[in-house]
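The data block below is query_35.cif; it holds mmCIF, N, CA and C atoms.
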data_entry
loop_
_atom_site.label_atom_id
_atom_site.label_comp_id
_atom_site.auth_asym_id
_atom_site.auth_seq_id
_atom_site.Cartn_x
_atom_site.Cartn_y
_atom_site.Cartn_z
N MET F 30 -35.23 -11.05 17.26
CA MET F 30 -34.07 -11.92 17.22
C MET F 30 -34.42 -13.21 16.47
N VAL F 31 -33.62 -13.55 15.50
CA VAL F 31 -33.84 -14.75 14.69
C VAL F 31 -33.23 -15.95 15.41
N LYS F 32 -33.99 -17.02 15.49
CA LYS F 32 -33.46 -18.24 16.09
C LYS F 32 -32.47 -18.87 15.13
N GLU F 33 -31.45 -19.50 15.71
CA GLU F 33 -30.43 -20.17 14.90
C GLU F 33 -30.49 -21.67 15.17
N TYR F 34 -30.12 -22.44 14.14
CA TYR F 34 -30.24 -23.89 14.23
C TYR F 34 -28.99 -24.59 13.73
N PHE F 35 -28.71 -25.74 14.33
CA PHE F 35 -27.71 -26.67 13.84
C PHE F 35 -28.45 -27.82 13.18
N PHE F 36 -28.06 -28.17 11.98
CA PHE F 36 -28.48 -29.41 11.36
C PHE F 36 -27.29 -30.35 11.52
N ILE F 37 -27.44 -31.36 12.33
CA ILE F 37 -26.36 -32.31 12.58
C ILE F 37 -26.61 -33.54 11.73
N VAL F 38 -25.61 -33.92 10.95
CA VAL F 38 -25.74 -35.05 10.04
C VAL F 38 -24.78 -36.15 10.49
N ALA F 39 -25.25 -37.39 10.49
CA ALA F 39 -24.43 -38.53 10.88
C ALA F 39 -23.25 -38.67 9.93
N ARG F 40 -22.12 -39.05 10.47
CA ARG F 40 -20.89 -39.14 9.66
C ARG F 40 -20.96 -40.26 8.62
N ARG F 41 -21.86 -41.19 8.79
CA ARG F 41 -21.95 -42.31 7.84
C ARG F 41 -22.63 -41.92 6.53
N VAL F 42 -23.17 -40.70 6.44
CA VAL F 42 -23.85 -40.25 5.22
C VAL F 42 -23.26 -38.92 4.73
N PRO F 43 -22.01 -38.97 4.26
CA PRO F 43 -21.36 -37.72 3.83
C PRO F 43 -22.08 -37.04 2.67
N ARG F 44 -22.75 -37.80 1.81
CA ARG F 44 -23.48 -37.18 0.70
C ARG F 44 -24.64 -36.33 1.19
N MET F 45 -25.32 -36.82 2.21
CA MET F 45 -26.42 -36.05 2.78
C MET F 45 -25.89 -34.75 3.37
N TYR F 46 -24.75 -34.83 4.03
CA TYR F 46 -24.10 -33.64 4.60
C TYR F 46 -23.82 -32.62 3.49
N GLU F 47 -23.24 -33.09 2.39
CA GLU F 47 -22.91 -32.19 1.28
C GLU F 47 -24.17 -31.58 0.67
N GLU F 48 -25.23 -32.38 0.52
CA GLU F 48 -26.49 -31.87 -0.04
C GLU F 48 -27.11 -30.81 0.87
N MET F 49 -27.09 -31.08 2.18
CA MET F 49 -27.64 -30.09 3.12
C MET F 49 -26.81 -28.82 3.13
N GLN F 50 -25.49 -28.97 3.02
CA GLN F 50 -24.62 -27.78 2.95
C GLN F 50 -25.04 -26.90 1.77
N ARG F 51 -25.25 -27.53 0.62
CA ARG F 51 -25.67 -26.77 -0.57
C ARG F 51 -27.07 -26.18 -0.38
N SER F 52 -27.98 -26.97 0.16
CA SER F 52 -29.37 -26.52 0.31
C SER F 52 -29.51 -25.31 1.23
N PHE F 53 -28.71 -25.29 2.29
CA PHE F 53 -28.84 -24.22 3.28
C PHE F 53 -27.77 -23.13 3.14
N ALA F 54 -26.97 -23.20 2.09
CA ALA F 54 -25.97 -22.16 1.85
C ALA F 54 -26.69 -20.83 1.69
N GLY F 55 -26.16 -19.82 2.32
CA GLY F 55 -26.77 -18.50 2.21
C GLY F 55 -27.81 -18.21 3.28
N LEU F 56 -28.13 -19.19 4.10
CA LEU F 56 -29.05 -18.95 5.21
C LEU F 56 -28.21 -18.83 6.49
N PRO F 57 -27.95 -17.62 6.93
CA PRO F 57 -27.03 -17.42 8.04
C PRO F 57 -27.49 -17.98 9.38
N HIS F 58 -28.77 -18.26 9.53
CA HIS F 58 -29.27 -18.77 10.80
C HIS F 58 -29.27 -20.30 10.88
N ILE F 59 -28.78 -20.95 9.81
CA ILE F 59 -28.69 -22.42 9.79
C ILE F 59 -27.26 -22.83 9.52
N GLN F 60 -26.74 -23.70 10.38
CA GLN F 60 -25.39 -24.22 10.21
C GLN F 60 -25.48 -25.74 10.14
N VAL F 61 -24.97 -26.31 9.04
CA VAL F 61 -24.97 -27.76 8.86
C VAL F 61 -23.61 -28.28 9.34
N ILE F 62 -23.65 -29.24 10.26
CA ILE F 62 -22.39 -29.79 10.79
C ILE F 62 -22.44 -31.31 10.75
N LEU F 63 -21.28 -31.90 10.60
CA LEU F 63 -21.13 -33.35 10.60
C LEU F 63 -20.90 -33.80 12.03
N ASP F 64 -21.62 -34.82 12.46
CA ASP F 64 -21.45 -35.35 13.81
C ASP F 64 -20.01 -35.86 13.94
N ARG F 65 -19.26 -35.28 14.87
CA ARG F 65 -17.85 -35.61 15.02
C ARG F 65 -17.59 -36.75 15.99
N ARG F 66 -18.60 -37.11 16.73
CA ARG F 66 -18.40 -38.13 17.76
C ARG F 66 -18.14 -39.49 17.13
N ARG F 67 -17.27 -40.23 17.76
CA ARG F 67 -16.97 -41.59 17.31
C ARG F 67 -17.45 -42.62 18.32
N ARG F 68 -17.46 -42.25 19.57
CA ARG F 68 -17.90 -43.15 20.64
C ARG F 68 -18.28 -42.31 21.84
N GLU F 69 -18.77 -42.95 22.85
CA GLU F 69 -19.11 -42.27 24.09
C GLU F 69 -17.84 -41.64 24.63
N ARG F 70 -17.87 -40.37 24.93
CA ARG F 70 -16.66 -39.66 25.38
C ARG F 70 -16.20 -40.11 26.76
N ARG F 71 -17.13 -40.41 27.61
CA ARG F 71 -16.76 -40.72 28.99
C ARG F 71 -16.64 -42.22 29.16
N TRP F 72 -15.62 -42.80 28.54
CA TRP F 72 -15.45 -44.24 28.56
C TRP F 72 -14.64 -44.72 29.75
N GLN F 73 -13.95 -43.84 30.43
CA GLN F 73 -13.16 -44.25 31.59
C GLN F 73 -14.04 -44.32 32.83
N VAL F 74 -13.68 -45.22 33.70
CA VAL F 74 -14.39 -45.29 34.97
C VAL F 74 -13.74 -44.26 35.89
N ILE F 75 -14.54 -43.26 36.27
CA ILE F 75 -14.04 -42.18 37.10
C ILE F 75 -14.88 -42.13 38.37
N PRO F 76 -14.26 -42.08 39.51
CA PRO F 76 -15.05 -41.97 40.74
C PRO F 76 -15.95 -40.74 40.69
N ILE F 77 -17.11 -40.84 41.28
CA ILE F 77 -18.09 -39.75 41.23
C ILE F 77 -17.52 -38.45 41.79
N GLU F 78 -16.68 -38.54 42.81
CA GLU F 78 -16.12 -37.32 43.39
C GLU F 78 -15.26 -36.56 42.38
N VAL F 79 -14.63 -37.28 41.45
CA VAL F 79 -13.75 -36.64 40.47
C VAL F 79 -14.54 -36.16 39.26
N ASN F 80 -15.64 -36.80 38.97
CA ASN F 80 -16.46 -36.45 37.81
C ASN F 80 -17.20 -35.14 38.11
N ARG F 81 -16.77 -34.05 37.48
CA ARG F 81 -17.32 -32.74 37.79
C ARG F 81 -18.55 -32.39 36.96
N ARG F 82 -18.82 -33.12 35.91
CA ARG F 82 -19.97 -32.81 35.07
C ARG F 82 -21.25 -33.19 35.82
N SER F 83 -22.11 -32.22 36.03
CA SER F 83 -23.31 -32.47 36.82
C SER F 83 -24.42 -33.14 36.02
N THR F 84 -24.47 -32.87 34.72
CA THR F 84 -25.49 -33.51 33.88
C THR F 84 -24.86 -33.95 32.58
N GLU F 85 -25.47 -34.91 31.96
CA GLU F 85 -25.01 -35.38 30.65
C GLU F 85 -25.43 -34.36 29.60
N ARG F 86 -24.48 -33.88 28.81
CA ARG F 86 -24.79 -32.86 27.82
C ARG F 86 -25.45 -33.43 26.58
N ARG F 87 -25.18 -34.66 26.26
CA ARG F 87 -25.78 -35.27 25.09
C ARG F 87 -27.19 -35.73 25.39
N SER F 88 -28.03 -35.54 24.44
CA SER F 88 -29.41 -36.00 24.59
C SER F 88 -29.54 -37.37 23.95
N ARG F 89 -30.11 -38.29 24.66
CA ARG F 89 -30.33 -39.63 24.10
C ARG F 89 -31.28 -39.55 22.91
N ASP F 90 -32.21 -38.59 22.92
CA ASP F 90 -33.12 -38.43 21.79
C ASP F 90 -32.35 -38.06 20.52
N ILE F 91 -31.36 -37.20 20.66
CA ILE F 91 -30.55 -36.80 19.51
C ILE F 91 -29.77 -38.00 18.99
N ASP F 92 -29.18 -38.77 19.88
CA ASP F 92 -28.44 -39.96 19.46
C ASP F 92 -29.35 -40.92 18.70
N ALA F 93 -30.55 -41.14 19.22
CA ALA F 93 -31.50 -42.06 18.58
C ALA F 93 -31.91 -41.54 17.20
N LEU F 94 -32.18 -40.25 17.10
CA LEU F 94 -32.57 -39.68 15.80
C LEU F 94 -31.44 -39.77 14.79
N LEU F 95 -30.21 -39.54 15.23
CA LEU F 95 -29.08 -39.67 14.31
C LEU F 95 -28.96 -41.10 13.80
N ARG F 96 -29.21 -42.07 14.67
CA ARG F 96 -29.15 -43.47 14.24
C ARG F 96 -30.29 -43.79 13.28
N GLN F 97 -31.48 -43.28 13.55
CA GLN F 97 -32.66 -43.62 12.74
C GLN F 97 -32.75 -42.82 11.44
N LEU F 98 -32.59 -41.51 11.54
CA LEU F 98 -32.81 -40.63 10.39
C LEU F 98 -31.54 -40.16 9.70
N SER F 99 -30.42 -40.27 10.40
CA SER F 99 -29.11 -39.79 9.92
C SER F 99 -28.93 -38.29 10.04
N TRP F 100 -29.93 -37.57 10.56
CA TRP F 100 -29.79 -36.13 10.78
C TRP F 100 -30.76 -35.70 11.87
N VAL F 101 -30.46 -34.55 12.46
CA VAL F 101 -31.31 -33.98 13.50
C VAL F 101 -31.13 -32.47 13.50
N VAL F 102 -32.19 -31.75 13.89
CA VAL F 102 -32.13 -30.28 13.99
C VAL F 102 -32.14 -29.92 15.46
N VAL F 103 -31.20 -29.04 15.84
CA VAL F 103 -31.10 -28.60 17.23
C VAL F 103 -31.07 -27.08 17.24
N GLU F 104 -31.89 -26.49 18.10
CA GLU F 104 -31.88 -25.03 18.23
C GLU F 104 -30.61 -24.62 18.96
N LYS F 105 -29.93 -23.65 18.41
CA LYS F 105 -28.71 -23.12 19.01
C LYS F 105 -29.08 -22.32 20.26
N ALA F 106 -28.34 -22.52 21.32
CA ALA F 106 -28.57 -21.75 22.54
C ALA F 106 -28.20 -20.29 22.28
N PRO F 107 -28.99 -19.37 22.81
CA PRO F 107 -28.65 -17.94 22.63
C PRO F 107 -27.33 -17.62 23.32
N ARG F 108 -26.60 -16.72 22.72
CA ARG F 108 -25.32 -16.31 23.30
C ARG F 108 -25.57 -15.45 24.52
N THR F 109 -24.75 -15.68 25.54
CA THR F 109 -24.84 -14.84 26.72
C THR F 109 -23.66 -13.89 26.73
N THR F 110 -23.93 -12.65 27.01
CA THR F 110 -22.84 -11.66 27.01
C THR F 110 -22.75 -10.96 28.35
#
Now, as a test, write the supplied structure out as structure tokens.
Amino acid sequence: MVKEYFFIVARRVPRMYEEMQRSFAGLPHIQVILDRRRRERRWQVIPIEVNRRSTERRSRDIDALLRQLSWVVVEKAPRTT
């Protein structure tokens, strides 16, 4: 089984996104995506009883790398069937 990867590129560098798209075109196990986030999603104050998410899905390391390098590689989780 071939591992699959996301290359996530910060939205502030659209040229880098386009270059990576061209560079990895034709490699089916690599998907280049533009970071779609604009701000922290959970900006509302919600009582803990109502907040059903048990863990934060975003990694602070990924956020830091996007700020520093403008891109990050993340291994895609295997599909469960």
As a check of understanding: the span from atom CA of Ala93 of chain F to atom C of Met30 of chain F is 29.1 Å
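Among F:Met49, F:Val103, F:Val42, F:Ile37, the residue with the shortest atom-to-atom distance to Ile62 of chain F, counting all atoms listed in the file, is F:Ile37.
The shell of residues at most 6 Å from Leu63 of chain F, with all atoms listed in the file counted and near chain neighbours (fewer than 4 positions) removed, consists of Ile37, Val38, Ala39 and Arg40 of chain F.
Across the model, the gap from atom CA of Asp92 of chain F to atom N of Glu104 of chain F is 14.0 Å.
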Which residues match the PyMOL selection byres (((chain F and resi 61 and name CA) around 6) and name CA) in the file above, as a PDB file with N, CA and C atoms, keeping the file's coordinate frame?
ATOM      1  N   PHE F  35     -28.710 -25.740  14.330  1.00  0.00           N
ATOM      2  CA  PHE F  35     -27.710 -26.670  13.840  1.00  0.00           C
ATOM      3  C   PHE F  35     -28.450 -27.820  13.180  1.00  0.00           C
ATOM      4  N   PHE F  36     -28.060 -28.170  11.980  1.00  0.00           N
ATOM      5  CA  PHE F  36     -28.480 -29.410  11.360  1.00  0.00           C
ATOM      6  C   PHE F  36     -27.290 -30.350  11.520  1.00  0.00           C
ATOM      7  N   GLN F  50     -25.490 -28.970   3.020  1.00  0.00           N
ATOM      8  CA  GLN F  50     -24.620 -27.780   2.950  1.00  0.00           C
ATOM      9  C   GLN F  50     -25.040 -26.900   1.770  1.00  0.00           C
ATOM     10  N   GLN F  60     -26.740 -23.700  10.380  1.00  0.00           N
ATOM     11  CA  GLN F  60     -25.390 -24.220  10.210  1.00  0.00           C
ATOM     12  C   GLN F  60     -25.480 -25.740  10.140  1.00  0.00           C
ATOM     13  N   ILE F  62     -23.650 -29.240  10.260  1.00  0.00           N
ATOM     14  CA  ILE F  62     -22.390 -29.790  10.790  1.00  0.00           C
ATOM     15  C   ILE F  62     -22.440 -31.310  10.750  1.00  0.00           C
TER      16      ILE F  62
END
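Distance check against Tyr34 of chain F using all atoms listed in the file: of F:His58, F:Ser52, F:Glu47, F:Val101, the minimum falls on F:His58.
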Atom CA of Lys105 of chain F to atom CA of Glu33 of chain F: how many Å, to one decimal?
5.3 Å
Taking every listed atom of segment 91-107 of chain F and adding 8 Å to each side, what centre and edge lengths in Å (one decimal) does the axis-aligned box have, as lines of an AutoDock Vina configuration file?
center_x = -30.1
center_y = -30.7
center_z = 16.5
size_x = 21.5
size_y = 42.2
size_z = 29.6
